[in-house]
Amino acid sequence: MKKKAFKAALPHTLPICVGFLFLGVSYGFMMRSRGFSFVYPLFMSMFIFAGSMEFVTANLLLSAFNPLYAFLLALMVNARHLFYGISMLEKYKNTGFKKFYLIYGMCDETFSINCTVDPPEGVDRGWFMFFVTLLNQIYWVAGATAGALLGYVIHFDTTGIEFVMTALFVVMFINQWEEARDHRPALVGLGCSAICLLLFGSSYFIIPAMVSIILCFELQRRMEKRKETVKS
Amino acid sequence: MTMTTTQSIIIIVCVVLGTMVTRFLPFLIFPEGKEPPEFILHLGKVLPYAVIGLLIIYCLKDVSTSGTYGLPEAIAILFIVFLHKWKKHTLLSIGGGTVLYMLLVQMVF
């Protein structure tokens, strides 16, 4: 049963494999070039297992010690998982002991497969989703560790390599912009953050930015609700 | 590195906790498919878009004090936008943008 599920899951994860190896290697290599031992990307990719947040954590580790800020930033950056979780409540039901791992390893790419792909006839859904999750995590951890190890062997001027994080987010922004019909959420994020950066400065702007983003969305939701009630 | 190993571990644990709260919370509070409050559902829909904007600003937060007035960053970002609109290849855009930025800060600025 497990073998069949593994065989069914593998082809769906291959495109993710290419992407994760590339990004993972860049991440591990960047960590090494910023002075971290390979143990850091190894454990961070294994335990945090949320790509964007791992890049951000590299920055957190190089700035002043502030655990609460790290926790809040992780909550905010990963808030999208709440939505994934809500969508997977039904699908992850009755998966037994695997459920813990399915939730633990639910990154964007794993969610997108488990949410949209139905396993072929006769394949156990729980094990199928388990292997999708596991394979994707293996690609990511392997990439990150390999990247960091490469950093010990290959030496060249790596000044500016941290820009890989900015590049990643810019590309994600464009991809989201093109798939969304409503551009207001993206603009709210960019706008609130930029204004807060100007007002509060680079050391203190993140928390005000998070608060103002959430307030904007709550205000928008209430206004739309009121409009609807006026209409009806 | 500025932190001690213990401090680094605490930071990583906090990030793991924050991440896990976002993954496990829905399953803990809505065990039997109970409908979550509208406020949370709405945030789940719109936050993913806003957070990427926040992260871009986060990456660029120290640009104004870097001495190059953000020029290499601006050029590299424009290049990424152009490359991505043209080829629509995520990994190529990330790789190309990073390499261009590295060349700019190492050789031009």
# chains A, B, ... in the order shown; residues from 1 in each chain; ligands from 1
call {"tool": "interface_residues", "arguments": {"of": "chain B", "to": "chain A", "cutoff": "6 Å", "atoms": "only C-alpha atoms", "output": "PDB file with N, CA, C and O atoms, in the first residue's frame"}}
result
ATOM      1  N   MET B   1      28.929  36.865  13.325  1.00  0.00           N
ATOM      2  CA  MET B   1      27.648  36.685  14.005  1.00  0.00           C
ATOM      3  C   MET B   1      27.659  37.398  15.350  1.00  0.00           C
ATOM      4  O   MET B   1      28.647  37.391  16.059  1.00  0.00           O
ATOM      5  N   ILE B  11      15.967  32.078  19.081  1.00  0.00           N
ATOM      6  CA  ILE B  11      15.327  32.739  17.934  1.00  0.00           C
ATOM      7  C   ILE B  11      14.726  31.686  16.994  1.00  0.00           C
ATOM      8  O   ILE B  11      13.576  31.799  16.566  1.00  0.00           O
ATOM      9  N   CYS B  14      11.626  30.183  18.429  1.00  0.00           N
ATOM     10  CA  CYS B  14      10.499  31.105  18.328  1.00  0.00           C
ATOM     11  C   CYS B  14       9.907  31.109  16.918  1.00  0.00           C
ATOM     12  O   CYS B  14       8.695  31.153  16.742  1.00  0.00           O
ATOM     13  N   VAL B  15      10.780  31.080  15.915  1.00  0.00           N
ATOM     14  CA  VAL B  15      10.307  31.054  14.530  1.00  0.00           C
ATOM     15  C   VAL B  15       9.565  29.743  14.257  1.00  0.00           C
ATOM     16  O   VAL B  15       8.500  29.732  13.629  1.00  0.00           O
ATOM     17  N   VAL B  16      10.105  28.623  14.776  1.00  0.00           N
ATOM     18  CA  VAL B  16       9.433  27.332  14.606  1.00  0.00           C
ATOM     19  C   VAL B  16       8.057  27.390  15.268  1.00  0.00           C
ATOM     20  O   VAL B  16       7.047  26.994  14.665  1.00  0.00           O
ATOM     21  N   GLY B  18       6.151  30.035  15.973  1.00  0.00           N
ATOM     22  CA  GLY B  18       5.261  30.919  15.215  1.00  0.00           C
ATOM     23  C   GLY B  18       4.729  30.214  13.973  1.00  0.00           C
ATOM     24  O   GLY B  18       3.540  30.273  13.662  1.00  0.00           O
ATOM     25  N   THR B  19       5.630  29.525  13.267  1.00  0.00           N
ATOM     26  CA  THR B  19       5.231  28.814  12.050  1.00  0.00           C
ATOM     27  C   THR B  19       4.240  27.703  12.381  1.00  0.00           C
ATOM     28  O   THR B  19       3.228  27.533  11.700  1.00  0.00           O
ATOM     29  N   THR B  22       0.663  28.711  13.030  1.00  0.00           N
ATOM     30  CA  THR B  22      -0.138  28.969  11.832  1.00  0.00           C
ATOM     31  C   THR B  22      -0.563  27.661  11.159  1.00  0.00           C
ATOM     32  O   THR B  22      -1.588  27.614  10.501  1.00  0.00           O
ATOM     33  N   ARG B  23       0.227  26.601  11.323  1.00  0.00           N
ATOM     34  CA  ARG B  23      -0.139  25.341  10.664  1.00  0.00           C
ATOM     35  C   ARG B  23      -1.128  24.525  11.483  1.00  0.00           C
ATOM     36  O   ARG B  23      -2.027  23.887  10.933  1.00  0.00           O
ATOM     37  N   PRO B  26      -5.724  25.904  12.874  1.00  0.00           N
ATOM     38  CA  PRO B  26      -7.033  25.557  12.316  1.00  0.00           C
ATOM     39  C   PRO B  26      -7.508  24.168  12.750  1.00  0.00           C
ATOM     40  O   PRO B  26      -8.688  23.970  13.020  1.00  0.00           O
ATOM     41  N   GLY B  44      -7.103  35.143   6.000  1.00  0.00           N
ATOM     42  CA  GLY B  44      -6.471  34.034   5.299  1.00  0.00           C
ATOM     43  C   GLY B  44      -6.446  34.263   3.799  1.00  0.00           C
ATOM     44  O   GLY B  44      -5.525  33.845   3.109  1.00  0.00           O
ATOM     45  N   VAL B  46      -6.581  37.422   2.188  1.00  0.00           N
ATOM     46  CA  VAL B  46      -5.866  38.612   1.721  1.00  0.00           C
ATOM     47  C   VAL B  46      -4.429  38.733   2.224  1.00  0.00           C
ATOM     48  O   VAL B  46      -3.584  39.309   1.535  1.00  0.00           O
ATOM     49  N   PRO B  48      -1.866  36.629   2.418  1.00  0.00           N
ATOM     50  CA  PRO B  48      -0.769  36.129   1.586  1.00  0.00           C
ATOM     51  C   PRO B  48      -0.280  37.166   0.577  1.00  0.00           C
ATOM     52  O   PRO B  48       0.913  37.258   0.305  1.00  0.00           O
ATOM     53  N   TYR B  49      -1.191  37.956   0.047  1.00  0.00           N
ATOM     54  CA  TYR B  49      -0.799  38.967  -0.938  1.00  0.00           C
ATOM     55  C   TYR B  49      -0.070  40.126  -0.277  1.00  0.00           C
ATOM     56  O   TYR B  49       0.883  40.674  -0.823  1.00  0.00           O
ATOM     57  N   ALA B  50      -0.544  40.522   0.905  1.00  0.00           N
ATOM     58  CA  ALA B  50       0.040  41.686   1.574  1.00  0.00           C
ATOM     59  C   ALA B  50       1.420  41.372   2.135  1.00  0.00           C
ATOM     60  O   ALA B  50       2.309  42.214   2.123  1.00  0.00           O
ATOM     61  N   VAL B  51       1.593  40.136   2.618  1.00  0.00           N
ATOM     62  CA  VAL B  51       2.838  39.792   3.293  1.00  0.00           C
ATOM     63  C   VAL B  51       4.033  39.852   2.348  1.00  0.00           C
ATOM     64  O   VAL B  51       5.124  40.255   2.740  1.00  0.00           O
ATOM     65  N   GLY B  53       4.451  41.921  -0.078  1.00  0.00           N
ATOM     66  CA  GLY B  53       4.809  43.338  -0.148  1.00  0.00           C
ATOM     67  C   GLY B  53       5.614  43.757   1.074  1.00  0.00           C
ATOM     68  O   GLY B  53       6.635  44.438   0.967  1.00  0.00           O
ATOM     69  N   LEU B  54       5.153  43.301   2.242  1.00  0.00           N
ATOM     70  CA  LEU B  54       5.858  43.589   3.493  1.00  0.00           C
ATOM     71  C   LEU B  54       7.288  43.047   3.450  1.00  0.00           C
ATOM     72  O   LEU B  54       8.240  43.721   3.840  1.00  0.00           O
ATOM     73  N   ILE B  56       9.161  42.437   0.807  1.00  0.00           N
ATOM     74  CA  ILE B  56      10.010  43.191  -0.125  1.00  0.00           C
ATOM     75  C   ILE B  56      10.538  44.442   0.581  1.00  0.00           C
ATOM     76  O   ILE B  56      11.737  44.737   0.533  1.00  0.00           O
ATOM     77  N   CYS B  59      13.231  43.561   3.014  1.00  0.00           N
ATOM     78  CA  CYS B  59      14.528  43.323   2.375  1.00  0.00           C
ATOM     79  C   CYS B  59      15.233  44.626   2.027  1.00  0.00           C
ATOM     80  O   CYS B  59      16.453  44.690   1.969  1.00  0.00           O
ATOM     81  N   LYS B  61      14.921  47.526   3.625  1.00  0.00           N
ATOM     82  CA  LYS B  61      14.792  48.526   4.700  1.00  0.00           C
ATOM     83  C   LYS B  61      16.057  49.334   4.955  1.00  0.00           C
ATOM     84  O   LYS B  61      15.988  50.472   5.374  1.00  0.00           O
ATOM     85  N   ILE B  94      14.911  34.765 -10.587  1.00  0.00           N
ATOM     86  CA  ILE B  94      15.589  34.897  -9.288  1.00  0.00           C
ATOM     87  C   ILE B  94      17.106  34.834  -9.483  1.00  0.00           C
ATOM     88  O   ILE B  94      17.851  35.682  -8.995  1.00  0.00           O
ATOM     89  N   THR B  98      19.739  38.040  -9.073  1.00  0.00           N
ATOM     90  CA  THR B  98      20.769  37.977  -8.024  1.00  0.00           C
ATOM     91  C   THR B  98      22.161  38.166  -8.622  1.00  0.00           C
ATOM     92  O   THR B  98      22.984  38.914  -8.091  1.00  0.00           O
ATOM     93  N   MET B 102      24.788  41.118  -7.794  1.00  0.00           N
ATOM     94  CA  MET B 102      26.139  40.850  -7.293  1.00  0.00           C
ATOM     95  C   MET B 102      27.192  41.531  -8.156  1.00  0.00           C
ATOM     96  O   MET B 102      28.147  42.120  -7.659  1.00  0.00           O
TER      97      MET B 102
END
call {"tool": "atom_distance", "arguments": {"atom1": "atom CA of Met31 of chain A", "atom2": "atom CA of Gly143 of chain A"}}
result
12.3 Å
call {"tool": "closest_residue", "arguments": {"among": "A:Ser212, A:Thr110, A:Gln220, A:Thr145", "to": "Ala9 of chain A", "atoms": "only C-alpha atoms"}}
result
A:Thr110
call {"tool": "residues_around", "arguments": {"residues": "segment 3-7 of chain A", "least_positions_apart": "2", "cutoff": "6 Å", "atoms": "only C-alpha atoms", "output": "PyMOL selection string"}}
result
chain A and resi 1+9-10+123+127-128+131
call {"tool": "write_last_selection", "arguments": {"atoms": "N, CA, C and O atoms", "output": "JSON list (two decimals), in the first residue's frame"}}
result
[["chain", "number", "residue", "atom", "x", "y", "z"],
["A", 1, "MET", "N", 0.83, -1.20, 0.00],
["A", 1, "MET", "CA", 0.00, 0.00, 0.00],
["A", 1, "MET", "C", 0.87, 1.25, 0.00],
["A", 1, "MET", "O", 0.63, 2.19, -0.73],
["A", 9, "ALA", "N", 2.83, 9.33, -5.81],
["A", 9, "ALA", "CA", 3.17, 10.68, -5.32],
["A", 9, "ALA", "C", 4.38, 11.26, -6.04],
["A", 9, "ALA", "O", 4.42, 12.45, -6.38],
["A", 10, "LEU", "N", 5.37, 10.39, -6.30],
["A", 10, "LEU", "CA", 6.67, 10.87, -6.83],
["A", 10, "LEU", "C", 6.56, 11.79, -8.05],
["A", 10, "LEU", "O", 7.13, 12.89, -8.03],
["A", 123, "VAL", "N", -5.29, 3.88, -4.56],
["A", 123, "VAL", "CA", -4.15, 4.38, -3.78],
["A", 123, "VAL", "C", -4.70, 5.07, -2.53],
["A", 123, "VAL", "O", -5.62, 5.86, -2.61],
["A", 127, "TRP", "N", -1.58, 7.97, 2.72],
["A", 127, "TRP", "CA", -0.17, 7.70, 2.40],
["A", 127, "TRP", "C", 0.30, 8.51, 1.21],
["A", 127, "TRP", "O", 1.44, 8.95, 1.15],
["A", 128, "PHE", "N", -0.58, 8.74, 0.25],
["A", 128, "PHE", "CA", -0.24, 9.57, -0.91],
["A", 128, "PHE", "C", 0.17, 10.97, -0.44],
["A", 128, "PHE", "O", 1.24, 11.47, -0.78],
["A", 131, "PHE", "N", 3.52, 10.98, 1.44],
["A", 131, "PHE", "CA", 4.73, 10.94, 0.62],
["A", 131, "PHE", "C", 4.96, 12.25, -0.13],
["A", 131, "PHE", "O", 6.11, 12.66, -0.33]]
call {"tool": "decode", "arguments": {"residues": "segment 68-161 of chain A", "atoms": "C-alpha atoms", "output": "PDB file, in the first residue's frame"}}
result
ATOM      1  CA  LEU A  68       9.070  38.029  20.600  1.00  0.00           C
ATOM      2  CA  TYR A  69       9.642  39.898  17.359  1.00  0.00           C
ATOM      3  CA  ALA A  70      10.855  36.662  15.735  1.00  0.00           C
ATOM      4  CA  PHE A  71       7.702  34.861  16.891  1.00  0.00           C
ATOM      5  CA  LEU A  72       5.357  37.605  15.660  1.00  0.00           C
ATOM      6  CA  LEU A  73       7.141  37.888  12.332  1.00  0.00           C
ATOM      7  CA  ALA A  74       6.848  34.119  11.836  1.00  0.00           C
ATOM      8  CA  LEU A  75       3.120  34.293  12.640  1.00  0.00           C
ATOM      9  CA  MET A  76       2.566  37.074  10.142  1.00  0.00           C
ATOM     10  CA  VAL A  77       4.745  35.748   7.333  1.00  0.00           C
ATOM     11  CA  ASN A  78       3.163  32.312   7.661  1.00  0.00           C
ATOM     12  CA  ALA A  79      -0.405  33.451   8.310  1.00  0.00           C
ATOM     13  CA  ARG A  80      -1.351  32.016   4.906  1.00  0.00           C
ATOM     14  CA  HIS A  81      -1.011  28.544   6.446  1.00  0.00           C
ATOM     15  CA  LEU A  82      -4.157  29.270   8.477  1.00  0.00           C
ATOM     16  CA  PHE A  83      -6.003  29.381   5.206  1.00  0.00           C
ATOM     17  CA  TYR A  84      -4.348  26.188   3.958  1.00  0.00           C
ATOM     18  CA  GLY A  85      -5.274  24.463   7.220  1.00  0.00           C
ATOM     19  CA  ILE A  86      -8.886  25.512   6.914  1.00  0.00           C
ATOM     20  CA  SER A  87      -8.963  24.135   3.364  1.00  0.00           C
ATOM     21  CA  MET A  88      -7.431  20.828   4.457  1.00  0.00           C
ATOM     22  CA  LEU A  89      -9.599  20.155   7.533  1.00  0.00           C
ATOM     23  CA  GLU A  90     -11.645  17.614   5.602  1.00  0.00           C
ATOM     24  CA  LYS A  91      -8.866  16.024   3.552  1.00  0.00           C
ATOM     25  CA  TYR A  92      -6.571  15.397   6.517  1.00  0.00           C
ATOM     26  CA  LYS A  93      -9.381  13.721   8.462  1.00  0.00           C
ATOM     27  CA  ASN A  94      -8.940  10.023   9.303  1.00  0.00           C
ATOM     28  CA  THR A  95      -5.276   9.921   8.342  1.00  0.00           C
ATOM     29  CA  GLY A  96      -4.300   8.534  11.749  1.00  0.00           C
ATOM     30  CA  PHE A  97      -0.827   9.098  13.116  1.00  0.00           C
ATOM     31  CA  LYS A  98       0.248  10.630   9.796  1.00  0.00           C
ATOM     32  CA  LYS A  99      -1.952  13.655  10.447  1.00  0.00           C
ATOM     33  CA  PHE A 100       0.597  15.302  12.742  1.00  0.00           C
ATOM     34  CA  TYR A 101       3.290  15.144  10.084  1.00  0.00           C
ATOM     35  CA  LEU A 102       0.909  16.214   7.300  1.00  0.00           C
ATOM     36  CA  ILE A 103       0.132  19.401   9.222  1.00  0.00           C
ATOM     37  CA  TYR A 104       3.719  19.946  10.342  1.00  0.00           C
ATOM     38  CA  GLY A 105       5.073  19.716   6.784  1.00  0.00           C
ATOM     39  CA  MET A 106       2.346  21.692   5.036  1.00  0.00           C
ATOM     40  CA  CYS A 107       4.384  24.199   3.011  1.00  0.00           C
ATOM     41  CA  ASP A 108       2.924  26.097   0.037  1.00  0.00           C
ATOM     42  CA  GLU A 109       4.011  23.580  -2.593  1.00  0.00           C
ATOM     43  CA  THR A 110       2.841  20.555  -0.603  1.00  0.00           C
ATOM     44  CA  PHE A 111      -0.485  22.236   0.019  1.00  0.00           C
ATOM     45  CA  SER A 112      -0.939  22.990  -3.665  1.00  0.00           C
ATOM     46  CA  ILE A 113      -0.481  19.311  -4.571  1.00  0.00           C
ATOM     47  CA  ASN A 114      -2.444  17.786  -1.694  1.00  0.00           C
ATOM     48  CA  CYS A 115      -5.275  20.223  -2.203  1.00  0.00           C
ATOM     49  CA  THR A 116      -5.685  19.762  -5.952  1.00  0.00           C
ATOM     50  CA  VAL A 117      -4.475  16.255  -6.847  1.00  0.00           C
ATOM     51  CA  ASP A 118      -6.651  13.214  -6.272  1.00  0.00           C
ATOM     52  CA  PRO A 119      -4.653   9.998  -5.964  1.00  0.00           C
ATOM     53  CA  PRO A 120      -5.448   7.379  -8.603  1.00  0.00           C
ATOM     54  CA  GLU A 121      -7.973   4.633  -7.929  1.00  0.00           C
ATOM     55  CA  GLY A 122      -6.822   2.136  -5.310  1.00  0.00           C
ATOM     56  CA  VAL A 123      -4.153   4.384  -3.776  1.00  0.00           C
ATOM     57  CA  ASP A 124      -4.554   5.296  -0.125  1.00  0.00           C
ATOM     58  CA  ARG A 125      -5.074   9.063   0.143  1.00  0.00           C
ATOM     59  CA  GLY A 126      -3.395   9.364   3.537  1.00  0.00           C
ATOM     60  CA  TRP A 127      -0.172   7.697   2.400  1.00  0.00           C
ATOM     61  CA  PHE A 128      -0.235   9.573  -0.910  1.00  0.00           C
ATOM     62  CA  MET A 129      -0.366  12.923   0.892  1.00  0.00           C
ATOM     63  CA  PHE A 130       2.224  11.686   3.380  1.00  0.00           C
ATOM     64  CA  PHE A 131       4.734  10.945   0.623  1.00  0.00           C
ATOM     65  CA  VAL A 132       4.054  14.225  -1.172  1.00  0.00           C
ATOM     66  CA  THR A 133       4.834  16.036   2.087  1.00  0.00           C
ATOM     67  CA  LEU A 134       7.876  13.910   2.896  1.00  0.00           C
ATOM     68  CA  LEU A 135       9.438  14.057  -0.583  1.00  0.00           C
ATOM     69  CA  ASN A 136       9.078  17.831  -0.763  1.00  0.00           C
ATOM     70  CA  GLN A 137      10.689  18.227   2.637  1.00  0.00           C
ATOM     71  CA  ILE A 138      13.550  15.919   1.664  1.00  0.00           C
ATOM     72  CA  TYR A 139      14.247  18.015  -1.464  1.00  0.00           C
ATOM     73  CA  TRP A 140      14.312  21.205   0.563  1.00  0.00           C
ATOM     74  CA  VAL A 141      16.505  19.924   3.413  1.00  0.00           C
ATOM     75  CA  ALA A 142      18.880  18.235   0.948  1.00  0.00           C
ATOM     76  CA  GLY A 143      19.143  21.414  -1.140  1.00  0.00           C
ATOM     77  CA  ALA A 144      19.776  23.669   1.851  1.00  0.00           C
ATOM     78  CA  THR A 145      22.403  21.353   3.331  1.00  0.00           C
ATOM     79  CA  ALA A 146      24.116  20.770  -0.011  1.00  0.00           C
ATOM     80  CA  GLY A 147      24.207  24.523  -0.627  1.00  0.00           C
ATOM     81  CA  ALA A 148      25.865  25.162   2.720  1.00  0.00           C
ATOM     82  CA  LEU A 149      28.387  22.363   2.156  1.00  0.00           C
ATOM     83  CA  LEU A 150      29.200  23.787  -1.281  1.00  0.00           C
ATOM     84  CA  GLY A 151      29.916  27.035   0.524  1.00  0.00           C
ATOM     85  CA  TYR A 152      32.878  25.353   2.244  1.00  0.00           C
ATOM     86  CA  VAL A 153      34.380  24.202  -1.061  1.00  0.00           C
ATOM     87  CA  ILE A 154      33.592  26.938  -3.541  1.00  0.00           C
ATOM     88  CA  HIS A 155      35.063  30.324  -2.809  1.00  0.00           C
ATOM     89  CA  PHE A 156      34.292  33.447  -4.776  1.00  0.00           C
ATOM     90  CA  ASP A 157      33.252  36.951  -3.908  1.00  0.00           C
ATOM     91  CA  THR A 158      29.743  36.460  -2.571  1.00  0.00           C
ATOM     92  CA  THR A 159      29.075  40.141  -1.823  1.00  0.00           C
ATOM     93  CA  GLY A 160      25.446  40.798  -2.627  1.00  0.00           C
ATOM     94  CA  ILE A 161      24.283  37.166  -2.542  1.00  0.00           C
TER      95      ILE A 161
END
